[in-house]
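Shown below: protein26.cif, with mmCIF, C-alpha atoms.
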```cif
data_query
loop_
_atom_site.label_atom_id
_atom_site.label_comp_id
_atom_site.auth_asym_id
_atom_site.auth_seq_id
_atom_site.Cartn_x
_atom_site.Cartn_y
_atom_site.Cartn_z
CA MET Z 219 -18.95 133.55 77.51
CA ALA Z 220 -20.03 130.24 79.01
CA ALA Z 221 -18.03 127.23 77.91
CA ARG Z 222 -19.81 124.97 75.46
CA ARG Z 223 -20.29 121.36 76.49
CA SER Z 224 -19.52 118.67 73.96
CA PRO Z 225 -22.32 116.42 72.66
CA LEU Z 226 -20.69 113.50 74.44
CA ALA Z 227 -20.69 115.38 77.73
CA LEU Z 228 -24.32 116.33 77.31
CA LEU Z 229 -25.20 112.71 76.50
CA ALA Z 230 -23.32 111.48 79.56
CA ALA Z 231 -25.09 114.01 81.77
CA SER Z 232 -28.48 113.01 80.38
CA LEU Z 233 -27.74 109.32 80.94
CA ALA Z 234 -26.65 110.07 84.50
CA VAL Z 235 -29.94 111.87 85.19
CA LEU Z 236 -31.94 108.99 83.73
CA ALA Z 237 -29.91 106.49 85.74
CA ALA Z 238 -30.60 108.42 88.94
CA LEU Z 239 -34.32 108.57 88.16
CA ALA Z 240 -34.37 104.87 87.33
CA SER Z 241 -32.55 103.98 90.53
CA ALA Z 242 -35.17 105.88 92.53
CA ASP Z 243 -38.03 104.07 90.84
CA SER Z 244 -36.80 100.47 90.48
CA TRP Z 245 -39.75 98.95 92.32
CA LEU Z 246 -40.33 95.71 90.42
CA TYR Z 247 -37.48 93.44 91.47
CA GLU Z 248 -37.03 95.11 94.85
CA LYS Z 249 -40.60 94.50 95.96
CA PHE Z 250 -41.91 91.63 93.85
CA ASN Z 251 -41.22 88.11 92.68
CA THR Z 252 -42.05 87.43 89.03
CA ASP Z 253 -43.52 84.53 87.10
CA GLY Z 254 -43.64 83.94 83.34
CA THR Z 255 -42.36 86.50 80.85
CA VAL Z 256 -42.00 89.82 82.68
CA ARG Z 257 -39.82 92.55 81.20
CA ALA Z 258 -38.74 95.76 82.90
CA ASP Z 259 -37.74 99.03 81.25
CA TYR Z 260 -37.82 102.75 81.97
CA ASP Z 261 -39.86 105.42 80.24
CA ALA Z 262 -38.60 108.87 79.31
CA SER Z 263 -39.43 110.27 82.76
CA GLY Z 264 -37.40 107.55 84.50
CA GLN Z 265 -40.37 105.54 85.73
CA GLN Z 266 -39.87 101.80 85.72
CA VAL Z 267 -42.40 99.96 83.54
CA ALA Z 268 -43.17 96.28 84.10
CA MET Z 269 -44.56 94.51 81.04
CA LEU Z 270 -46.44 91.22 81.38
CA ASN Z 271 -46.55 88.93 78.34
CA LEU Z 272 -49.29 86.43 77.41
CA ASP Z 273 -48.89 83.88 74.62
CA ARG Z 274 -50.07 80.34 73.99
CA SER Z 275 -47.44 78.89 76.29
CA SER Z 276 -48.11 80.91 79.43
CA GLY Z 277 -49.27 84.07 81.12
CA ALA Z 278 -47.23 86.21 83.50
CA GLY Z 279 -47.36 88.04 86.79
CA PHE Z 280 -45.60 89.54 89.77
CA ASN Z 281 -46.41 89.17 93.47
CA SER Z 282 -45.20 91.14 96.46
CA LYS Z 283 -42.49 89.82 98.73
CA GLU Z 284 -44.29 91.40 101.69
CA GLN Z 285 -47.76 90.63 103.03
CA TYR Z 286 -50.02 93.37 104.29
CA LEU Z 287 -52.88 93.84 106.71
CA TYR Z 288 -54.68 96.99 105.54
CA GLY Z 289 -53.36 99.71 103.28
CA GLU Z 290 -53.73 101.84 100.17
CA PHE Z 291 -52.40 100.23 96.99
CA SER Z 292 -52.15 101.99 93.65
CA ILE Z 293 -50.72 101.35 90.21
CA GLN Z 294 -50.94 102.72 86.69
CA MET Z 295 -51.80 100.27 83.91
CA LYS Z 296 -51.92 100.41 80.12
CA LEU Z 297 -54.00 97.52 78.80
CA ILE Z 298 -53.92 95.49 75.59
CA PRO Z 299 -54.84 97.50 72.46
CA GLY Z 300 -57.26 96.24 69.82
CA ASN Z 301 -58.85 92.84 70.19
CA SER Z 302 -58.18 91.76 73.79
CA ALA Z 303 -61.14 89.35 74.02
CA GLY Z 304 -60.53 86.43 76.35
CA THR Z 305 -57.65 88.06 78.24
CA VAL Z 306 -57.75 89.01 81.91
CA SER Z 307 -55.39 91.62 83.39
CA CYS Z 308 -55.41 91.91 87.18
CA PHE Z 309 -54.38 94.01 90.15
CA TYR Z 310 -55.40 92.34 93.39
CA LEU Z 311 -54.69 91.29 96.97
CA THR Z 312 -55.04 87.71 98.20
CA SER Z 313 -54.23 85.70 101.31
CA GLY Z 314 -53.57 82.56 99.23
CA ASP Z 315 -55.38 79.63 97.64
CA SER Z 316 -57.06 78.00 100.63
CA ASP Z 317 -60.81 77.39 100.65
CA ASP Z 318 -61.27 80.11 103.29
CA HIS Z 319 -59.02 82.71 101.67
CA ASP Z 320 -59.60 86.47 101.49
CA GLU Z 321 -59.15 88.47 98.30
CA ILE Z 322 -59.78 91.94 96.85
CA ASP Z 323 -59.91 92.05 93.04
CA MET Z 324 -59.66 94.52 90.20
CA GLU Z 325 -59.85 92.39 87.04
CA PHE Z 326 -59.92 93.82 83.53
CA MET Z 327 -61.78 91.52 81.16
CA GLY Z 328 -60.74 92.06 77.56
CA ASN Z 329 -63.14 92.59 74.70
CA SER Z 330 -63.38 92.70 70.94
CA THR Z 331 -62.09 95.76 69.14
CA GLY Z 332 -64.40 98.72 69.66
CA GLN Z 333 -66.22 97.21 72.65
CA PRO Z 334 -65.60 98.49 76.19
CA VAL Z 335 -63.24 96.70 78.51
CA VAL Z 336 -65.04 95.50 81.63
CA LEU Z 337 -63.61 96.12 85.11
CA ASN Z 338 -64.68 93.41 87.53
CA THR Z 339 -64.38 94.35 91.22
CA ASN Z 340 -64.85 91.63 93.80
CA VAL Z 341 -64.31 90.91 97.49
CA TRP Z 342 -63.67 87.47 98.97
CA ALA Z 343 -64.06 86.95 102.70
CA SER Z 344 -63.46 83.54 104.32
CA GLY Z 345 -63.82 81.87 100.92
CA ASP Z 346 -67.06 83.63 99.95
CA GLY Z 347 -66.50 85.63 96.78
CA LYS Z 348 -69.77 86.14 94.93
CA LYS Z 349 -69.72 89.90 95.40
CA GLU Z 350 -68.98 91.29 91.95
CA HIS Z 351 -69.66 94.78 90.66
CA GLN Z 352 -68.69 95.13 87.00
CA PHE Z 353 -68.26 98.36 85.06
CA ASP Z 354 -67.72 99.24 81.40
CA LEU Z 355 -64.68 101.51 81.36
CA TRP Z 356 -65.61 104.94 79.99
CA PHE Z 357 -62.23 105.49 78.32
CA ASP Z 358 -59.78 103.53 76.19
CA PRO Z 359 -57.55 101.83 78.80
CA ALA Z 360 -55.01 100.89 76.12
CA ALA Z 361 -54.44 104.42 74.79
CA ASP Z 362 -52.62 105.65 77.88
CA TYR Z 363 -51.92 104.82 81.51
CA HIS Z 364 -54.73 105.08 84.06
CA THR Z 365 -54.51 104.81 87.83
CA TYR Z 366 -56.28 102.06 89.77
CA THR Z 367 -56.43 102.09 93.56
CA ILE Z 368 -57.60 99.80 96.36
CA ILE Z 369 -58.05 101.17 99.88
CA TRP Z 370 -58.51 98.41 102.45
CA ASN Z 371 -59.15 99.31 106.08
CA PRO Z 372 -61.14 97.91 109.02
CA THR Z 373 -64.29 99.78 107.97
CA ASN Z 374 -64.57 99.40 104.21
CA ILE Z 375 -62.88 98.55 100.93
CA ILE Z 376 -62.79 101.36 98.38
CA PHE Z 377 -62.12 100.95 94.65
CA LYS Z 378 -60.92 103.98 92.68
CA VAL Z 379 -60.26 104.69 88.99
CA ASP Z 380 -58.19 107.79 88.21
CA GLY Z 381 -58.97 109.09 91.68
CA ASN Z 382 -62.73 108.56 91.35
CA VAL Z 383 -64.40 106.26 93.89
CA ILE Z 384 -66.55 103.78 91.96
CA ARG Z 385 -67.37 101.27 94.71
CA CYS Z 386 -67.34 100.96 98.48
CA PHE Z 387 -67.75 97.55 100.13
CA LYS Z 388 -68.80 98.14 103.74
CA ARG Z 389 -68.01 96.01 106.76
CA TYR Z 390 -70.84 94.68 108.93
CA ALA Z 391 -70.06 93.17 112.30
CA ASP Z 392 -72.09 90.00 111.69
CA LEU Z 393 -70.85 89.31 108.14
CA PRO Z 394 -67.51 88.01 106.78
CA TYR Z 395 -64.94 90.69 105.98
CA PRO Z 396 -61.19 90.51 105.16
CA SER Z 397 -59.75 91.55 108.52
CA SER Z 398 -57.37 88.95 109.92
CA ARG Z 399 -55.51 87.26 107.05
CA PRO Z 400 -52.49 89.16 105.68
CA MET Z 401 -52.54 89.48 101.90
CA ALA Z 402 -49.91 89.81 99.18
CA LEU Z 403 -50.30 92.16 96.21
CA HIS Z 404 -50.44 90.51 92.77
CA ALA Z 405 -50.56 91.62 89.14
CA THR Z 406 -51.28 89.00 86.48
CA LEU Z 407 -52.15 88.54 82.82
CA TRP Z 408 -53.77 85.25 81.84
CA ASP Z 409 -56.02 83.37 79.44
CA GLY Z 410 -59.60 83.76 80.65
CA SER Z 411 -61.27 82.56 77.45
CA TYR Z 412 -63.62 80.29 79.38
CA TRP Z 413 -65.07 83.23 81.32
CA ALA Z 414 -63.85 86.73 80.54
CA THR Z 415 -65.67 87.98 77.43
CA GLU Z 416 -69.43 87.62 77.06
CA LYS Z 417 -69.35 84.77 79.60
CA GLY Z 418 -66.82 82.81 77.56
CA LYS Z 419 -68.48 83.17 74.17
CA VAL Z 420 -65.50 85.05 72.68
CA PRO Z 421 -62.12 83.32 73.23
CA ILE Z 422 -58.65 84.71 72.65
CA ASP Z 423 -57.61 85.23 69.04
CA TRP Z 424 -54.04 83.97 69.30
CA SER Z 425 -53.09 85.55 65.98
CA GLY Z 426 -52.71 88.78 67.98
CA ALA Z 427 -50.25 87.27 70.47
CA PRO Z 428 -48.12 88.10 72.31
CA PHE Z 429 -50.42 90.30 74.38
CA VAL Z 430 -48.75 92.84 76.65
CA VAL Z 431 -50.00 94.83 79.65
CA SER Z 432 -47.77 97.55 81.13
CA TYR Z 433 -47.64 98.60 84.78
CA ARG Z 434 -45.87 101.59 86.34
CA SER Z 435 -45.98 103.98 89.34
CA TYR Z 436 -46.69 101.29 91.91
CA SER Z 437 -47.20 102.44 95.48
CA ALA Z 438 -48.20 100.70 98.70
CA ASP Z 439 -48.86 102.81 101.78
CA ALA Z 440 -49.67 99.83 103.96
CA CYS Z 441 -49.16 97.95 107.23
CA VAL Z 442 -46.67 95.14 106.69
CA SER Z 443 -47.76 91.93 108.37
CA GLY Z 444 -45.95 91.57 111.67
CA GLY Z 445 -44.62 95.12 111.50
CA ALA Z 446 -45.68 98.67 112.22
CA CYS Z 447 -47.99 100.78 110.10
CA PRO Z 448 -46.31 103.67 108.26
CA ALA Z 449 -46.46 107.23 109.49
CA GLY Z 450 -49.58 109.00 108.30
CA SER Z 451 -51.58 105.79 107.89
CA ASP Z 452 -54.61 107.44 109.52
CA ARG Z 453 -55.22 109.06 106.13
CA TRP Z 454 -56.42 105.75 104.69
CA MET Z 455 -56.95 103.66 107.84
CA ASN Z 456 -59.96 105.80 108.79
CA LYS Z 457 -61.03 106.59 105.24
CA GLN Z 458 -64.70 106.45 104.33
CA PRO Z 459 -66.21 108.02 101.22
CA ASP Z 460 -67.43 111.57 101.67
CA ALA Z 461 -70.54 113.00 100.04
CA ALA Z 462 -68.74 113.87 96.80
CA GLU Z 463 -67.25 110.38 96.57
CA TRP Z 464 -70.64 108.76 97.13
CA GLY Z 465 -71.69 110.94 94.22
CA THR Z 466 -69.09 109.35 91.94
CA VAL Z 467 -70.20 105.89 93.14
CA LYS Z 468 -73.73 106.77 92.07
CA TRP Z 469 -72.46 108.18 88.75
CA ALA Z 470 -70.52 105.01 87.96
CA LYS Z 471 -73.43 102.80 88.93
CA SER Z 472 -75.96 104.78 86.89
CA ASN Z 473 -73.87 105.13 83.74
CA TYR Z 474 -71.40 102.26 83.54
CA MET Z 475 -72.40 99.36 85.77
CA ARG Z 476 -72.80 96.14 83.79
CA TYR Z 477 -73.42 93.69 86.63
CA ASN Z 478 -74.37 93.94 90.31
CA TYR Z 479 -74.56 90.72 92.32
CA CYS Z 480 -77.17 92.34 94.55
CA GLU Z 481 -79.56 92.43 91.59
CA ASP Z 482 -79.03 88.81 90.49
CA GLY Z 483 -81.90 86.90 92.05
CA TRP Z 484 -81.38 83.98 89.64
CA ARG Z 485 -77.90 83.43 91.08
CA PHE Z 486 -79.17 83.51 94.66
CA PRO Z 487 -82.48 81.58 94.66
CA GLN Z 488 -82.41 81.33 98.47
CA GLY Z 489 -82.20 85.10 98.79
CA LEU Z 490 -79.67 87.83 98.08
CA PRO Z 491 -76.62 88.16 100.36
CA ALA Z 492 -77.43 89.96 103.59
CA GLU Z 493 -75.35 93.06 102.84
CA CYS Z 494 -77.44 93.77 99.74
CA SER Z 495 -80.38 94.99 101.85
CA ARG Z 496 -78.12 97.19 103.98
CA SER Z 497 -76.10 99.08 101.40
#
```
Write the structure described by the file as structure tokens, please.
Amino acid sequence: MAARRSPLALLAASLAVLAALASADSWLYEKFNTDGTVRADYDASGQQVAMLNLDRSSGAGFNSKEQYLYGEFSIQMKLIPGNSAGTVSCFYLTSGDSDDHDEIDMEFMGNSTGQPVVLNTNVWASGDGKKEHQFDLWFDPAADYHTYTIIWNPTNIIFKVDGNVIRCFKRYADLPYPSSRPMALHATLWDGSYWATEKGKVPIDWSGAPFVVSYRSYSADACVSGGACPAGSDRWMNKQPDAAEWGTVKWAKSNYMRYNYCEDGWRFPQGLPAECSRS
């Protein structure tokens, strides 16, 4: 007969397993600096969860210690439940704050209870950033974690939600494109009352504070600035959407697109941006 293990021994073994899992997945403080109220914990599977807190006093965020020049970046997020109007939760790359900076954005603009959360995708190149595609999310992003991915290579920038390509921003030789400025990876939660919900008509209801967004399963398969690209980088370095992925782009555009800068003639009275006639 096998010897029975005491409850204390079983508990110790379980804690050891969880500690080993946690050690293997402690990405937050190893790879990022933090700002504001950021808490870290581990879920039942041992995945580290970073929780950003927004209240009246401040927002929060984390930013990568490394800078990158091309890569595939992915994270899982669980957004604010209920009335999140006025809040903005972000996952993005940026070269900094200069007037000619580059940036690649996935911004989640909160909304009133029962209304869809809007995902704003945008690309800044040499300080030009009026290139938004916005989508109503077709699921409740606060009910569970969903995966958001940015692929940035010399040919195009691809935005993915749960593995589905929803947008591809192509490079044209004669137009600005993020190609020379290394960028850091950021995640932030902030008060966007002046802009986020119905163009600023619905501000944050602070009675629901603190607001919390959770991040987990971060990965960056990317070329570190000044260093070598990782093995296998051809997988994303040469990535362009295939026919099936262009199909999901069309599906997202037809069913969930809320705003397309290439259809906003009022915003561009001198003519739409040049890439709009080429896409």
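Relative to atom CA of Val256 of chain Z, atom CA of Phe357 of chain Z is found at 26.0 Å.
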| message | Residues within 10 Å of Arg496 of chain Z, please, as an MDAnalysis selection string. Count only C-alpha atoms; anything in the same chain fewer than 3 positions from it doesn't count. | response | chainID Z and resid 388 390 491:493
Residues as selected, C-alpha atoms, written as a PDB file, keeping the file's coordinate frame, can you do that?
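Output below, filename selection-v3.pdb:
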```
ATOM      1  CA  LYS Z 388     -68.800  98.140 103.740  1.00  0.00           C
ATOM      2  CA  TYR Z 390     -70.840  94.680 108.930  1.00  0.00           C
ATOM      3  CA  PRO Z 491     -76.620  88.160 100.360  1.00  0.00           C
ATOM      4  CA  ALA Z 492     -77.430  89.960 103.590  1.00  0.00           C
ATOM      5  CA  GLU Z 493     -75.350  93.060 102.840  1.00  0.00           C
TER       6      GLU Z 493
END
```
| message | Within 12 Å of (-73.0, 104.1, 90.6) in the file's own coordinates, which protein, DNA or RNA residues have an atom, counting only C-alpha atoms? List them as number ranges by chain. | response | Z: 351-354, 382-386, 463-478
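When all atoms listed in the file are used to compute distances to Ser398 of chain Z, the closest of the residues Z:Gln285, Z:Thr367, Z:Gln294, Z:Thr331 turns out to be Z:Gln285.
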| message | For Ile369 of chain Z, find every residue with an atom within 10 Å (counting only C-alpha atoms), except residues of its own chain fewer than 5 positions away, and show them as a PyMOL selection string. | response | chain Z and resi 288-292+322+374-378+386+438-440+454-455+457-458
Could those residues be written to a file, using C-alpha atoms, as a PDB file, keeping the file's coordinate frame?
```
ATOM      1  CA  TYR Z 288     -54.680  96.990 105.540  1.00  0.00           C
ATOM      2  CA  GLY Z 289     -53.360  99.710 103.280  1.00  0.00           C
ATOM      3  CA  GLU Z 290     -53.730 101.840 100.170  1.00  0.00           C
ATOM      4  CA  PHE Z 291     -52.400 100.230  96.990  1.00  0.00           C
ATOM      5  CA  SER Z 292     -52.150 101.990  93.650  1.00  0.00           C
ATOM      6  CA  ILE Z 322     -59.780  91.940  96.850  1.00  0.00           C
ATOM      7  CA  ASN Z 374     -64.570  99.400 104.210  1.00  0.00           C
ATOM      8  CA  ILE Z 375     -62.880  98.550 100.930  1.00  0.00           C
ATOM      9  CA  ILE Z 376     -62.790 101.360  98.380  1.00  0.00           C
ATOM     10  CA  PHE Z 377     -62.120 100.950  94.650  1.00  0.00           C
ATOM     11  CA  LYS Z 378     -60.920 103.980  92.680  1.00  0.00           C
ATOM     12  CA  CYS Z 386     -67.340 100.960  98.480  1.00  0.00           C
ATOM     13  CA  ALA Z 438     -48.200 100.700  98.700  1.00  0.00           C
ATOM     14  CA  ASP Z 439     -48.860 102.810 101.780  1.00  0.00           C
ATOM     15  CA  ALA Z 440     -49.670  99.830 103.960  1.00  0.00           C
ATOM     16  CA  TRP Z 454     -56.420 105.750 104.690  1.00  0.00           C
ATOM     17  CA  MET Z 455     -56.950 103.660 107.840  1.00  0.00           C
ATOM     18  CA  LYS Z 457     -61.030 106.590 105.240  1.00  0.00           C
ATOM     19  CA  GLN Z 458     -64.700 106.450 104.330  1.00  0.00           C
TER      20      GLN Z 458
END
```
| Z:Pro396, Z:Pro334, Z:Gly450, Z:Gly328 ranked by distance to Ala414 of chain Z, top pick (using all atoms listed in the file) | Z:Gly328
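Atom CA of Ile368 of chain Z sits 25.4 Å away from atom CA of Gln333 of chain Z.
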Residue by residue, what does the PyMOL selection byres ((chain Z and resi 436) around 10) grab here? Present the result as an mmCIF file with C-alpha atoms, in the coordinates of the input.
```
data_model
loop_
_atom_site.group_PDB
_atom_site.id
_atom_site.type_symbol
_atom_site.label_atom_id
_atom_site.label_comp_id
_atom_site.auth_asym_id
_atom_site.auth_seq_id
_atom_site.Cartn_x
_atom_site.Cartn_y
_atom_site.Cartn_z
ATOM 1 C CA ASP Z 243 -38.030 104.070 90.840
ATOM 2 C CA TRP Z 245 -39.750 98.950 92.320
ATOM 3 C CA LEU Z 246 -40.330 95.710 90.420
ATOM 4 C CA LYS Z 249 -40.600 94.500 95.960
ATOM 5 C CA GLN Z 265 -40.370 105.540 85.730
ATOM 6 C CA GLN Z 266 -39.870 101.800 85.720
ATOM 7 C CA VAL Z 267 -42.400 99.960 83.540
ATOM 8 C CA ALA Z 268 -43.170 96.280 84.100
ATOM 9 C CA PHE Z 291 -52.400 100.230 96.990
ATOM 10 C CA SER Z 292 -52.150 101.990 93.650
ATOM 11 C CA ILE Z 293 -50.720 101.350 90.210
ATOM 12 C CA GLN Z 294 -50.940 102.720 86.690
ATOM 13 C CA MET Z 295 -51.800 100.270 83.910
ATOM 14 C CA THR Z 365 -54.510 104.810 87.830
ATOM 15 C CA TYR Z 366 -56.280 102.060 89.770
ATOM 16 C CA THR Z 367 -56.430 102.090 93.560
ATOM 17 C CA TYR Z 433 -47.640 98.600 84.780
ATOM 18 C CA ARG Z 434 -45.870 101.590 86.340
ATOM 19 C CA SER Z 435 -45.980 103.980 89.340
ATOM 20 C CA SER Z 437 -47.200 102.440 95.480
ATOM 21 C CA ALA Z 438 -48.200 100.700 98.700
#
```
| message | Which residue is closest to Asp261 of chain Z? Choose from Z:Phe309, Z:Ala461, Z:Gly418, Z:Ser432 and count only C-alpha atoms. | response | Z:Ser432
Please return, as a PDB file with C-alpha atoms, keeping the file's coordinate frame, all polymer residues that have at least one atom within 12 Å of the point (-52.4, 88.2, 66.5); use all atoms listed in the file and the file's own coordinate frame.
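selection_38.pdb, written as the output of this step:
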```pdb
ATOM      1  CA  LEU Z 272     -49.290  86.430  77.410  1.00  0.00           C
ATOM      2  CA  ASP Z 273     -48.890  83.880  74.620  1.00  0.00           C
ATOM      3  CA  ARG Z 274     -50.070  80.340  73.990  1.00  0.00           C
ATOM      4  CA  ILE Z 298     -53.920  95.490  75.590  1.00  0.00           C
ATOM      5  CA  PRO Z 299     -54.840  97.500  72.460  1.00  0.00           C
ATOM      6  CA  GLY Z 300     -57.260  96.240  69.820  1.00  0.00           C
ATOM      7  CA  ASN Z 301     -58.850  92.840  70.190  1.00  0.00           C
ATOM      8  CA  SER Z 302     -58.180  91.760  73.790  1.00  0.00           C
ATOM      9  CA  ALA Z 303     -61.140  89.350  74.020  1.00  0.00           C
ATOM     10  CA  ILE Z 422     -58.650  84.710  72.650  1.00  0.00           C
ATOM     11  CA  ASP Z 423     -57.610  85.230  69.040  1.00  0.00           C
ATOM     12  CA  TRP Z 424     -54.040  83.970  69.300  1.00  0.00           C
ATOM     13  CA  SER Z 425     -53.090  85.550  65.980  1.00  0.00           C
ATOM     14  CA  GLY Z 426     -52.710  88.780  67.980  1.00  0.00           C
ATOM     15  CA  ALA Z 427     -50.250  87.270  70.470  1.00  0.00           C
ATOM     16  CA  PRO Z 428     -48.120  88.100  72.310  1.00  0.00           C
ATOM     17  CA  PHE Z 429     -50.420  90.300  74.380  1.00  0.00           C
ATOM     18  CA  VAL Z 430     -48.750  92.840  76.650  1.00  0.00           C
TER      19      VAL Z 430
END
```
